[in-house]
>>> print(open('query-v2.txt').read())   # compact mmCIF, C-alpha atoms
# COMPACT_ATOMS: atom_id res chain seq x y z
CA MET A 1 0.00 0.00 0.00
CA THR A 2 1.54 3.24 -1.14
CA ARG A 3 2.09 5.89 1.52
CA VAL A 4 2.73 9.57 0.90
CA ARG A 5 5.91 10.60 2.69
CA MET A 6 7.45 13.98 3.37
CA ASP A 7 10.71 14.97 5.08
CA LEU A 8 11.18 18.55 6.19
CA PHE A 9 13.82 20.62 7.95
CA ALA A 10 12.78 23.15 10.57
CA SER A 11 14.43 25.21 13.26
CA LEU A 12 13.21 24.97 16.86
CA ASP A 13 11.20 28.12 16.26
CA GLY A 14 9.48 26.50 13.30
CA TYR A 15 11.14 28.20 10.37
CA THR A 16 12.27 26.69 7.11
CA PRO A 17 14.39 28.93 4.89
CA SER A 18 13.21 30.30 1.57
CA ASP A 19 13.65 28.05 -1.46
CA ALA A 20 17.18 27.67 -2.74
CA SER A 21 18.38 29.73 -5.69
CA PRO A 22 21.83 30.50 -7.09
CA ASP A 23 22.01 33.80 -5.23
CA ASN A 24 20.05 32.60 -2.21
CA PRO A 25 20.50 34.98 0.73
CA MET A 26 19.22 32.23 3.06
CA GLY A 27 22.04 29.88 2.15
CA GLU A 28 23.64 30.23 5.54
CA ASP A 29 20.40 29.19 7.25
CA TRP A 30 20.05 26.13 5.03
CA GLY A 31 23.59 25.11 5.89
CA ARG A 32 23.01 25.35 9.62
CA LEU A 33 19.66 23.60 9.36
CA THR A 34 20.86 20.62 7.33
CA ALA A 35 24.42 20.24 8.63
CA ALA A 36 23.73 17.13 10.73
CA TRP A 37 21.80 15.47 7.88
CA ALA A 38 24.52 16.19 5.31
CA SER A 39 27.09 14.69 7.70
CA THR A 40 25.50 11.25 7.85
CA ARG A 41 27.20 8.29 6.25
CA THR A 42 24.10 7.50 4.16
CA PHE A 43 23.67 11.03 2.83
CA ARG A 44 27.36 11.28 1.95
CA GLU A 45 27.18 8.00 0.08
CA ARG A 46 23.86 8.54 -1.69
CA ILE A 47 24.19 12.21 -2.55
CA PHE A 48 27.95 12.79 -2.74
CA GLY A 49 28.96 9.31 -3.90
CA ASP A 50 31.33 8.99 -0.95
CA THR A 51 31.71 5.23 -0.41
CA SER A 52 34.57 5.57 2.07
CA GLY A 53 32.23 4.98 5.00
CA ALA A 54 32.94 8.44 6.38
CA GLY A 55 30.13 10.28 8.12
CA THR A 56 28.03 9.88 11.25
CA ALA A 57 26.36 6.55 12.00
CA GLY A 58 23.87 7.23 14.79
CA VAL A 59 20.20 8.16 14.92
CA ASP A 60 20.48 10.72 12.12
CA ASP A 61 21.93 8.06 9.83
CA ARG A 62 19.20 5.56 10.70
CA PHE A 63 16.65 8.13 9.54
CA GLY A 64 18.88 8.70 6.53
CA ARG A 65 18.68 5.05 5.52
CA GLU A 66 14.90 5.03 5.96
CA PHE A 67 14.73 8.18 3.83
CA PHE A 68 16.13 6.35 0.82
CA GLU A 69 14.13 3.12 1.27
CA GLY A 70 10.93 2.18 -0.52
CA ILE A 71 10.36 5.25 -2.65
CA GLY A 72 8.77 4.55 -6.04
CA ALA A 73 8.06 8.07 -7.25
CA GLU A 74 8.85 11.63 -6.26
CA ILE A 75 6.94 14.90 -6.51
CA MET A 76 8.61 18.30 -6.33
CA GLY A 77 7.87 21.92 -7.11
CA ALA A 78 9.20 23.93 -10.03
CA GLY A 79 11.41 25.94 -7.66
CA MET A 80 13.12 22.87 -6.27
CA PHE A 81 13.73 21.57 -9.79
CA GLY A 82 15.18 24.95 -10.76
CA LEU A 83 12.62 26.31 -13.22
CA HIS A 84 12.32 29.56 -11.25
CA SER A 85 16.07 30.06 -11.23
CA PHE A 86 16.58 29.27 -14.95
CA PRO A 87 13.23 30.07 -16.58
CA ASP A 88 14.77 30.72 -20.01
CA ASP A 89 16.99 27.63 -20.16
CA ALA A 90 14.95 25.12 -22.21
CA GLU A 91 17.70 22.54 -21.66
CA TRP A 92 17.69 22.77 -17.85
CA LYS A 93 17.71 19.28 -16.34
CA GLY A 94 17.76 20.01 -12.60
CA TRP A 95 20.58 20.54 -10.11
CA TRP A 96 21.66 16.90 -9.84
CA GLY A 97 23.83 16.24 -12.91
CA ASP A 98 23.38 13.43 -15.42
CA THR A 99 22.58 10.79 -12.78
CA PRO A 100 20.16 12.27 -10.22
CA PRO A 101 19.88 10.45 -6.88
CA PHE A 102 16.15 9.68 -7.26
CA GLY A 103 16.21 6.62 -9.53
CA THR A 104 12.44 6.87 -10.01
CA PRO A 105 9.89 8.91 -11.95
CA VAL A 106 9.91 12.49 -10.63
CA PHE A 107 6.83 14.66 -11.18
CA VAL A 108 7.63 18.37 -11.30
CA LEU A 109 4.73 20.72 -10.58
CA THR A 110 4.74 23.79 -12.78
CA SER A 111 2.24 26.52 -13.49
CA THR A 112 3.83 27.24 -16.85
CA ALA A 113 3.45 25.09 -19.99
CA PRO A 114 4.76 21.61 -19.11
CA ARG A 115 7.97 20.56 -20.84
CA SER A 116 8.50 17.17 -22.43
CA PRO A 117 9.70 14.37 -20.13
CA ILE A 118 13.46 14.19 -19.56
CA GLU A 119 15.01 10.77 -19.18
CA MET A 120 18.19 10.80 -17.12
CA ASN A 121 20.74 8.14 -16.20
CA GLY A 122 20.08 5.82 -13.27
CA GLY A 123 16.32 5.42 -13.64
CA THR A 124 15.23 9.01 -13.06
CA THR A 125 12.72 10.52 -15.49
CA PHE A 126 11.42 14.04 -14.96
CA HIS A 127 7.75 14.59 -15.86
CA PHE A 128 6.21 18.06 -15.82
CA ARG A 129 2.61 18.59 -14.73
CA SER A 130 0.33 21.59 -14.29
CA THR A 131 -2.67 19.55 -13.10
CA PRO A 132 -4.06 19.78 -9.50
CA VAL A 133 -1.94 18.16 -6.78
CA GLU A 134 -4.50 15.38 -6.22
CA GLU A 135 -4.22 14.36 -9.88
CA VAL A 136 -0.44 14.46 -9.84
CA LEU A 137 -0.47 12.38 -6.67
CA ALA A 138 -2.73 9.77 -8.30
CA GLU A 139 -0.38 9.59 -11.26
CA ALA A 140 2.70 9.32 -9.00
CA THR A 141 1.02 6.61 -6.94
CA GLU A 142 0.35 4.63 -10.12
CA ALA A 143 3.96 5.10 -11.21
CA ALA A 144 5.27 4.03 -7.78
CA GLY A 145 3.95 0.51 -8.35
CA GLY A 146 3.13 -0.21 -4.73
CA ARG A 147 6.09 1.61 -3.27
CA ASP A 148 5.80 5.01 -1.55
CA VAL A 149 5.55 8.49 -3.01
CA ARG A 150 7.74 11.22 -1.59
CA VAL A 151 6.70 14.85 -1.73
CA GLY A 152 10.12 16.44 -1.75
CA GLY A 153 9.59 20.17 -1.61
CA GLY A 154 10.13 23.06 -1.72
CA TYR A 155 8.09 24.92 0.81
CA ARG A 156 5.12 25.87 -1.39
CA THR A 157 4.71 22.32 -2.65
CA ALA A 158 5.01 20.90 0.86
CA ARG A 159 2.44 23.39 2.14
CA ALA A 160 -0.03 22.50 -0.64
CA PHE A 161 0.12 18.78 0.21
CA LEU A 162 0.02 19.36 3.98
CA ARG A 163 -2.95 21.71 3.81
CA ALA A 164 -4.80 19.24 1.58
CA GLY A 165 -4.24 16.51 4.19
CA LEU A 166 -2.45 14.28 1.67
CA VAL A 167 0.64 13.36 3.73
CA ASP A 168 0.60 10.00 5.55
CA ASP A 169 4.11 10.12 7.05
CA LEU A 170 5.75 13.41 7.92
CA HIS A 171 9.32 13.40 9.20
CA LEU A 172 10.41 16.68 10.75
CA MET A 173 14.09 17.22 11.39
CA ILE A 174 14.21 19.99 13.97
CA ALA A 175 17.66 21.49 14.40
CA PRO A 176 18.41 22.92 17.86
CA ILE A 177 18.71 26.47 16.55
CA PHE A 178 16.45 29.52 16.43
CA LEU A 179 16.46 31.08 12.96
CA GLY A 180 13.98 33.88 13.57
CA ARG A 181 13.32 34.20 9.84
CA GLY A 182 12.02 32.19 6.89
CA HIS A 183 8.72 30.46 6.17
CA ARG A 184 6.60 29.56 9.19
CA LEU A 185 6.36 25.83 8.61
CA PHE A 186 4.43 24.89 11.75
CA ASP A 187 1.45 27.03 10.72
CA ASP A 188 0.69 24.36 8.11
CA LEU A 189 0.69 21.53 10.66
CA THR A 190 -2.09 22.74 12.98
CA GLY A 191 -4.47 19.85 13.63
CA MET A 192 -2.09 17.15 12.36
CA ASP A 193 -1.61 15.92 15.94
CA GLN A 194 -5.31 15.00 15.84
CA THR A 195 -5.07 12.90 12.67
CA HIS A 196 -1.55 11.52 13.10
CA THR A 197 0.44 9.84 15.86
CA VAL A 198 3.37 11.98 16.99
CA THR A 199 6.65 10.44 18.16
CA SER A 200 9.97 12.16 18.82
CA GLU A 201 13.58 11.08 19.14
CA VAL A 202 16.71 13.12 19.79
CA ALA A 203 19.81 12.30 17.75
CA GLU A 204 23.41 12.55 18.94
CA SER A 205 23.70 15.74 16.86
CA GLY A 206 20.94 17.40 18.84
CA THR A 207 18.50 17.10 15.95
CA ILE A 208 14.97 16.31 17.15
CA HIS A 209 13.32 13.84 14.77
CA VAL A 210 9.55 14.22 15.03
CA THR A 211 7.46 11.79 13.02
CA LEU A 212 3.74 12.16 12.36
CA THR A 213 2.17 8.92 11.16
CA ARG A 214 -1.41 8.49 9.99
CA MET B 1 26.47 31.11 42.62
CA THR B 2 22.85 32.04 41.98
CA ARG B 3 21.48 31.16 38.58
CA VAL B 4 18.34 32.60 37.03
CA ARG B 5 16.05 29.74 36.01
CA MET B 6 12.90 29.65 33.94
CA ASP B 7 10.58 26.77 33.02
CA LEU B 8 8.10 27.24 30.20
CA PHE B 9 5.45 25.21 28.41
CA ALA B 10 5.15 25.40 24.63
CA SER B 11 3.43 23.49 21.87
CA LEU B 12 5.47 22.07 18.99
CA ASP B 13 4.43 25.11 16.98
CA GLY B 14 5.83 27.40 19.65
CA TYR B 15 2.70 28.71 21.29
CA THR B 16 2.04 29.25 24.95
CA PRO B 17 -1.57 30.01 25.89
CA SER B 18 -2.71 33.37 27.23
CA ASP B 19 -2.33 33.97 30.96
CA ALA B 20 -4.76 32.16 33.20
CA SER B 21 -7.85 33.92 34.49
CA PRO B 22 -11.09 32.66 36.11
CA ASP B 23 -12.94 32.73 32.80
CA ASN B 24 -9.92 31.79 30.70
CA PRO B 25 -10.97 30.75 27.21
CA MET B 26 -7.55 29.09 26.73
CA GLY B 27 -8.11 26.73 29.64
CA GLU B 28 -8.38 23.75 27.33
CA ASP B 29 -5.02 24.57 25.74
CA TRP B 30 -3.33 24.89 29.14
CA GLY B 31 -4.72 21.53 30.14
CA ARG B 32 -3.40 19.79 27.03
CA LEU B 33 -0.05 21.55 27.29
CA THR B 34 0.62 20.72 30.94
CA ALA B 35 -1.10 17.33 31.25
CA ALA B 36 2.12 15.28 31.35
CA TRP B 37 3.71 17.64 33.89
CA ALA B 38 0.65 17.60 36.16
CA SER B 39 0.68 13.78 36.04
CA THR B 40 4.15 13.40 37.53
CA ARG B 41 4.59 11.98 41.00
CA THR B 42 6.58 15.03 42.10
CA PHE B 43 4.03 17.56 40.87
CA ARG B 44 1.16 15.64 42.46
CA GLU B 45 2.99 15.55 45.77
CA ARG B 46 4.29 19.12 45.79
CA ILE B 47 1.28 20.90 44.34
CA PHE B 48 -1.66 18.66 45.22
CA GLY B 49 -0.27 17.24 48.48
CA ASP B 50 -0.75 13.70 47.16
CA THR B 51 1.75 11.59 49.12
CA SER B 52 0.37 8.25 47.91
CA GLY B 53 3.18 7.88 45.38
CA ALA B 54 0.74 7.98 42.49
CA GLY B 55 1.85 9.63 39.26
CA THR B 56 4.43 9.06 36.56
CA ALA B 57 8.04 8.40 37.51
CA GLY B 58 10.05 8.73 34.28
CA VAL B 59 11.86 11.57 32.54
CA ASP B 60 9.08 14.10 33.19
CA ASP B 61 9.29 13.38 36.90
CA ARG B 62 13.08 13.72 36.96
CA PHE B 63 12.66 17.22 35.53
CA GLY B 64 9.90 17.72 38.09
CA ARG B 65 12.25 16.97 40.97
CA GLU B 66 14.90 19.30 39.55
CA PHE B 67 12.22 21.97 39.20
CA PHE B 68 11.65 22.09 42.95
CA GLU B 69 15.33 21.88 43.97
CA GLY B 70 17.58 24.76 44.91
CA ILE B 71 15.20 27.69 44.49
CA GLY B 72 15.77 30.53 46.99
CA ALA B 73 13.43 33.18 45.58
CA GLU B 74 10.75 33.49 42.94
CA ILE B 75 9.68 36.28 40.60
CA MET B 76 6.28 36.40 38.94
CA GLY B 77 4.03 38.84 37.13
CA ALA B 78 0.91 40.48 38.50
CA GLY B 79 -1.24 38.35 36.19
CA MET B 80 0.17 35.08 37.49
CA PHE B 81 -0.38 36.24 41.07
CA GLY B 82 -3.96 37.19 40.19
CA LEU B 83 -3.93 40.98 40.46
CA HIS B 84 -5.41 41.34 36.95
CA SER B 85 -8.22 38.91 37.76
CA PHE B 86 -9.10 40.47 41.14
CA PRO B 87 -7.93 44.10 40.91
CA ASP B 88 -10.40 45.35 43.53
CA ASP B 89 -9.81 42.65 46.14
CA ALA B 90 -7.34 44.26 48.55
CA GLU B 91 -7.20 40.99 50.51
CA TRP B 92 -6.24 38.81 47.53
CA LYS B 93 -3.38 36.48 48.49
CA GLY B 94 -2.80 34.51 45.28
CA TRP B 95 -4.29 31.29 43.93
CA TRP B 96 -2.42 28.91 46.21
CA GLY B 97 -4.31 28.97 49.54
CA ASP B 98 -2.81 29.66 52.97
CA THR B 99 0.32 27.55 52.34
CA PRO B 100 1.66 28.30 48.84
CA PRO B 101 4.09 25.75 47.34
CA PHE B 102 6.97 28.25 46.99
CA GLY B 103 8.37 28.31 50.54
CA THR B 104 10.56 31.31 49.63
CA PRO B 105 10.26 35.06 49.12
CA VAL B 106 8.17 35.71 46.00
CA PHE B 107 8.55 39.04 44.20
CA VAL B 108 5.42 40.06 42.30
CA LEU B 109 5.93 42.60 39.52
CA THR B 110 3.15 45.15 39.33
CA SER B 111 2.70 48.42 37.50
CA THR B 112 0.15 49.62 40.06
CA ALA B 113 0.95 50.87 43.56
CA PRO B 114 2.76 48.03 45.38
CA ARG B 115 0.85 46.42 48.24
CA SER B 116 2.38 45.63 51.62
CA PRO B 117 4.20 42.29 51.92
CA ILE B 118 2.00 39.27 52.69
CA GLU B 119 3.47 36.59 54.92
CA MET B 120 1.94 33.16 54.27
CA ASN B 121 2.37 29.77 55.92
CA GLY B 122 5.27 27.53 54.93
CA GLY B 123 7.91 30.19 54.35
CA THR B 124 6.33 32.05 51.45
CA THR B 125 6.25 35.85 51.61
CA PHE B 126 4.83 37.88 48.73
CA HIS B 127 6.60 41.16 48.01
CA PHE B 128 5.24 43.62 45.44
CA ARG B 129 7.56 45.69 43.27
CA SER B 130 7.13 48.21 40.48
CA THR B 131 10.87 48.75 39.94
CA PRO B 132 12.69 47.64 36.71
CA VAL B 133 13.22 43.89 36.27
CA GLU B 134 16.99 44.22 36.78
CA GLU B 135 16.43 45.79 40.20
CA VAL B 136 13.88 43.19 41.21
CA LEU B 137 16.27 40.47 40.09
CA ALA B 138 19.08 41.96 42.20
CA GLU B 139 16.78 42.00 45.19
CA ALA B 140 15.60 38.43 44.57
CA THR B 141 19.20 37.25 44.16
CA GLU B 142 20.06 38.79 47.52
CA ALA B 143 17.02 37.15 49.10
CA ALA B 144 17.91 33.75 47.57
CA GLY B 145 21.04 33.58 49.74
CA GLY B 146 23.15 31.69 47.21
CA ARG B 147 20.36 29.51 45.89
CA ASP B 148 18.72 30.07 42.50
CA VAL B 149 16.06 32.55 41.43
CA ARG B 150 13.15 31.30 39.38
CA VAL B 151 11.29 33.57 37.00
CA GLY B 152 7.93 31.86 37.07
CA GLY B 153 5.76 33.68 34.56
CA GLY B 154 3.36 34.53 33.10
CA TYR B 155 4.18 35.19 29.51
CA ARG B 156 4.82 38.95 29.70
CA THR B 157 7.18 38.53 32.65
CA ALA B 158 9.00 35.64 30.95
CA ARG B 159 9.34 37.68 27.76
CA ALA B 160 10.78 40.68 29.64
CA PHE B 161 13.49 38.56 31.27
CA LEU B 162 14.27 36.60 28.10
CA ARG B 163 14.56 39.73 25.95
CA ALA B 164 16.84 41.33 28.54
CA GLY B 165 19.12 38.26 28.41
CA LEU B 166 18.73 37.64 32.12
CA VAL B 167 17.93 33.90 32.06
CA ASP B 168 20.81 31.46 32.69
CA ASP B 169 18.86 28.19 32.52
CA LEU B 170 15.76 27.88 30.38
CA HIS B 171 13.78 24.63 30.48
CA LEU B 172 11.24 24.29 27.67
CA MET B 173 8.63 21.59 27.95
CA ILE B 174 7.39 21.08 24.41
CA ALA B 175 4.19 19.07 24.20
CA PRO B 176 3.73 17.05 20.98
CA ILE B 177 0.70 19.08 19.92
CA PHE B 178 0.05 21.96 17.54
CA LEU B 179 -2.06 24.66 19.20
CA GLY B 180 -2.19 27.13 16.35
CA ARG B 181 -3.05 29.97 18.75
CA GLY B 182 -1.66 31.79 21.77
CA HIS B 183 1.49 33.81 22.38
CA ARG B 184 4.41 33.11 20.04
CA LEU B 185 6.98 32.09 22.64
CA PHE B 186 9.82 31.17 20.30
CA ASP B 187 10.02 34.71 18.90
CA ASP B 188 11.59 35.71 22.21
CA LEU B 189 14.30 33.03 22.01
CA THR B 190 15.98 34.05 18.74
CA GLY B 191 19.73 34.13 19.29
CA MET B 192 19.65 32.15 22.53
CA ASP B 193 21.25 29.18 20.76
CA GLN B 194 24.31 31.43 20.30
CA THR B 195 24.66 32.31 24.00
CA HIS B 196 23.41 29.03 25.53
CA THR B 197 24.07 25.33 25.05
CA VAL B 198 20.98 23.50 23.79
CA THR B 199 20.21 19.91 24.80
CA SER B 200 17.02 17.93 24.23
CA GLU B 201 15.47 14.80 25.70
CA VAL B 202 12.19 13.07 24.92
CA ALA B 203 10.10 11.81 27.84
CA GLU B 204 7.89 8.72 27.85
CA SER B 205 4.89 11.08 27.58
CA GLY B 206 6.18 12.47 24.29
CA THR B 207 7.13 15.78 25.91
CA ILE B 208 10.37 17.16 24.47
CA HIS B 209 12.45 18.72 27.23
CA VAL B 210 14.76 21.32 25.71
CA THR B 211 17.25 22.98 28.05
CA LEU B 212 19.26 26.09 27.23
CA THR B 213 22.16 26.58 29.62
CA ARG B 214 24.49 29.58 29.69
>>> encode(input="query-v2.txt", output="structure tokens")
Amino acid sequence: MTRVRMDLFASLDGYTPSDASPDNPMGEDWGRLTAAWASTRTFRERIFGDTSGAGTAGVDDRFGREFFEGIGAEIMGAGMFGLHSFPDDAEWKGWWGDTPPFGTPVFVLTSTAPRSPIEMNGGTTFHFRSTPVEEVLAEATEAAGGRDVRVGGGYRTARAFLRAGLVDDLHLMIAPIFLGRGHRLFDDLTGMDQTHTVTSEVAESGTIHVTLTR
Amino acid sequence: MTRVRMDLFASLDGYTPSDASPDNPMGEDWGRLTAAWASTRTFRERIFGDTSGAGTAGVDDRFGREFFEGIGAEIMGAGMFGLHSFPDDAEWKGWWGDTPPFGTPVFVLTSTAPRSPIEMNGGTTFHFRSTPVEEVLAEATEAAGGRDVRVGGGYRTARAFLRAGLVDDLHLMIAPIFLGRGHRLFDDLTGMDQTHTVTSEVAESGTIHVTLTR
């Protein structure tokens, strides 16, 4: 049975930085927020191709391994794919090089005219959709073939799925910092403690992993 | 060496309910927010006089025992004492009956004309002050005789001390719920992760205990 999964970074005061862009003034916040995650052995191997075994191996890494397991399709916003940063580049193929780390169909939400699908190395194919999120989710679920669908981000895409009540498993990685600026992520979660079971675990890094499971 | 301590309740989305009053519309939120704390063995014994040993005995209760240890003086706002709820009752002596649980001098901040001190049973004396918080803190520190000073609340008093950088040890009890309303507590903590060491621990109840120590 396919579940809809989402993994988000937040500060203790509930902020997530603005979406990334080449000249992103929030880059420093993103770095602080995701430092522990980017230091895990699994992330280093899966994203950076570092097979040396370097990186942390505790609670953060256990969540890291679960992050990469069982995903059959991915959904992301145009901003996360890079369409907002390079609107005039018809050849833009995302930030991830020739072999993106997804290895599945990836559905990119866009309000502009959808581009043709882009087939990459390693099993990733980017599809572009301007249909409602429920329709894209149905299509992604079909494509996932019984595995799970991840809603990857950015913030506007996450918010749309959260507010529509479409997320079965939400994994919040709360860094022990107070940003004091950014998007107010927690505003979109009001009421989720009524529909989901909340559990929390503190990693060696100080990151608080909060999971909400329907 | 006296330390200035503060213990606060917050929801995961960083809200603390409005100050209590007899017809408090946020009563339900307070109940949900403090349920785990009020269920501890230590709280039941110290606040309700329940010496039967009933109540929870895990992580929440360990923090409960620490809460009551080593305090030599207390500071609270007029609202927490009850002056806003009963402004015309010149005989008002607080919500806690003839033997309040403090057992120390308690300095009540008030913007109206200070009342005379009120000596209660069990070592509690209420003093009323309209001087700046730094002066009240100096007086409370003197009265604490080497033990710690607690800034008890409510929200406006907590905010004044936090914003002035006067709190050495902050203990946040974050309940795994999203209130979506109330005072935005975390706004007053921005930057505290730079001046304090942050540690977190999850209790059996799901409460996330976050401590910030200078």
>>> interface_residues(input="query-v2.txt", of="chain B", to="chain A", cutoff="7 Å", atoms="all atoms listed in the file", output="list of chain:residue names")
B:Asp13, B:Gly14, B:Pro176, B:Ile177, B:Phe178, B:Leu179, B:Gly180, B:Phe186, B:Asp187, B:Leu189, B:Thr190, B:Gly191, B:Asp193, B:Val198, B:Thr199, B:Ser200, B:Glu201, B:Val202, B:Gly206
>>> atom_distance(input="query-v2.txt", atom1="CA of Thr131 in chain A", atom2="CA of Ile75 in chain A")
12.5 Å
>>> closest_residue(input="query-v2.txt", among="B:Ala160, B:Val151, B:Ala35, B:Ala57", to="Asp7 in chain B", atoms="only C-alpha atoms")
B:Val151
>>> closest_residue(input="query-v2.txt", among="B:Ala78, B:Ile174, B:Ala143, B:Val149", to="Ser111 in chain B", atoms="only C-alpha atoms")
B:Ala78
>>> closest_residue(input="query-v2.txt", among="B:Ala10, B:Phe43, B:Val167, B:Thr2", to="Arg62 in chain B", atoms="all atoms listed in the file")
B:Phe43
>>> atom_distance(input="query-v2.txt", atom1="CA of Leu166 in chain B", atom2="CA of Val4 in chain B")
7.0 Å
>>> closest_residue(input="query-v2.txt", among="A:Thr125, A:Thr112, A:Ser18, A:Ser130", to="Thr99 in chain A", atoms="only C-alpha atoms")
A:Thr125
>>> atom_distance(input="query-v2.txt", atom1="CA of Gly64 in chain B", atom2="CA of Gly103 in chain B")
16.4 Å
>>> decode(input="query-v2.txt", residues="range 117-135 of chain B", atoms="N, CA and C atoms", output="short mmCIF file (atom, residue, chain, number, x, y, z; two decimals), in the first residue's frame")
data_model
loop_
_atom_site.label_atom_id
_atom_site.label_comp_id
_atom_site.auth_asym_id
_atom_site.auth_seq_id
_atom_site.Cartn_x
_atom_site.Cartn_y
_atom_site.Cartn_z
N PRO B 117 3.86 43.71 52.01
CA PRO B 117 4.20 42.29 51.92
C PRO B 117 3.14 41.43 52.61
N ILE B 118 2.95 40.21 52.10
CA ILE B 118 2.00 39.27 52.69
C ILE B 118 2.77 38.03 53.11
N GLU B 119 2.78 37.78 54.42
CA GLU B 119 3.47 36.59 54.92
C GLU B 119 2.50 35.43 54.99
N MET B 120 2.81 34.33 54.31
CA MET B 120 1.94 33.16 54.27
C MET B 120 2.54 32.04 55.12
N ASN B 121 1.82 30.95 55.24
CA ASN B 121 2.37 29.77 55.92
C ASN B 121 3.42 29.09 55.04
N GLY B 122 4.34 28.37 55.67
CA GLY B 122 5.27 27.53 54.93
C GLY B 122 6.45 28.26 54.33
N GLY B 123 6.69 29.50 54.79
CA GLY B 123 7.91 30.19 54.35
C GLY B 123 7.75 31.09 53.15
N THR B 124 6.56 31.17 52.59
CA THR B 124 6.33 32.05 51.45
C THR B 124 5.96 33.45 51.93
N THR B 125 6.66 34.46 51.41
CA THR B 125 6.25 35.85 51.61
C THR B 125 6.15 36.53 50.26
N PHE B 126 5.01 37.16 49.99
CA PHE B 126 4.83 37.88 48.73
C PHE B 126 5.26 39.33 48.91
N HIS B 127 6.18 39.76 48.04
CA HIS B 127 6.60 41.16 48.01
C HIS B 127 6.16 41.75 46.67
N PHE B 128 5.74 42.99 46.67
CA PHE B 128 5.24 43.62 45.44
C PHE B 128 6.18 44.74 45.03
N ARG B 129 6.56 44.74 43.75
CA ARG B 129 7.56 45.69 43.27
C ARG B 129 7.13 46.28 41.93
N SER B 130 7.38 47.57 41.77
CA SER B 130 7.13 48.21 40.48
C SER B 130 8.43 48.77 39.90
N THR B 131 9.55 48.31 40.42
CA THR B 131 10.87 48.75 39.94
C THR B 131 11.25 47.95 38.68
N PRO B 132 12.27 48.37 37.91
CA PRO B 132 12.69 47.64 36.71
C PRO B 132 13.10 46.20 37.03
N VAL B 133 12.96 45.32 36.04
CA VAL B 133 13.22 43.89 36.27
C VAL B 133 14.63 43.64 36.78
N GLU B 134 15.61 44.43 36.32
CA GLU B 134 16.99 44.22 36.78
C GLU B 134 17.10 44.48 38.28
N GLU B 135 16.38 45.48 38.76
CA GLU B 135 16.43 45.79 40.20
C GLU B 135 15.73 44.72 41.02
#
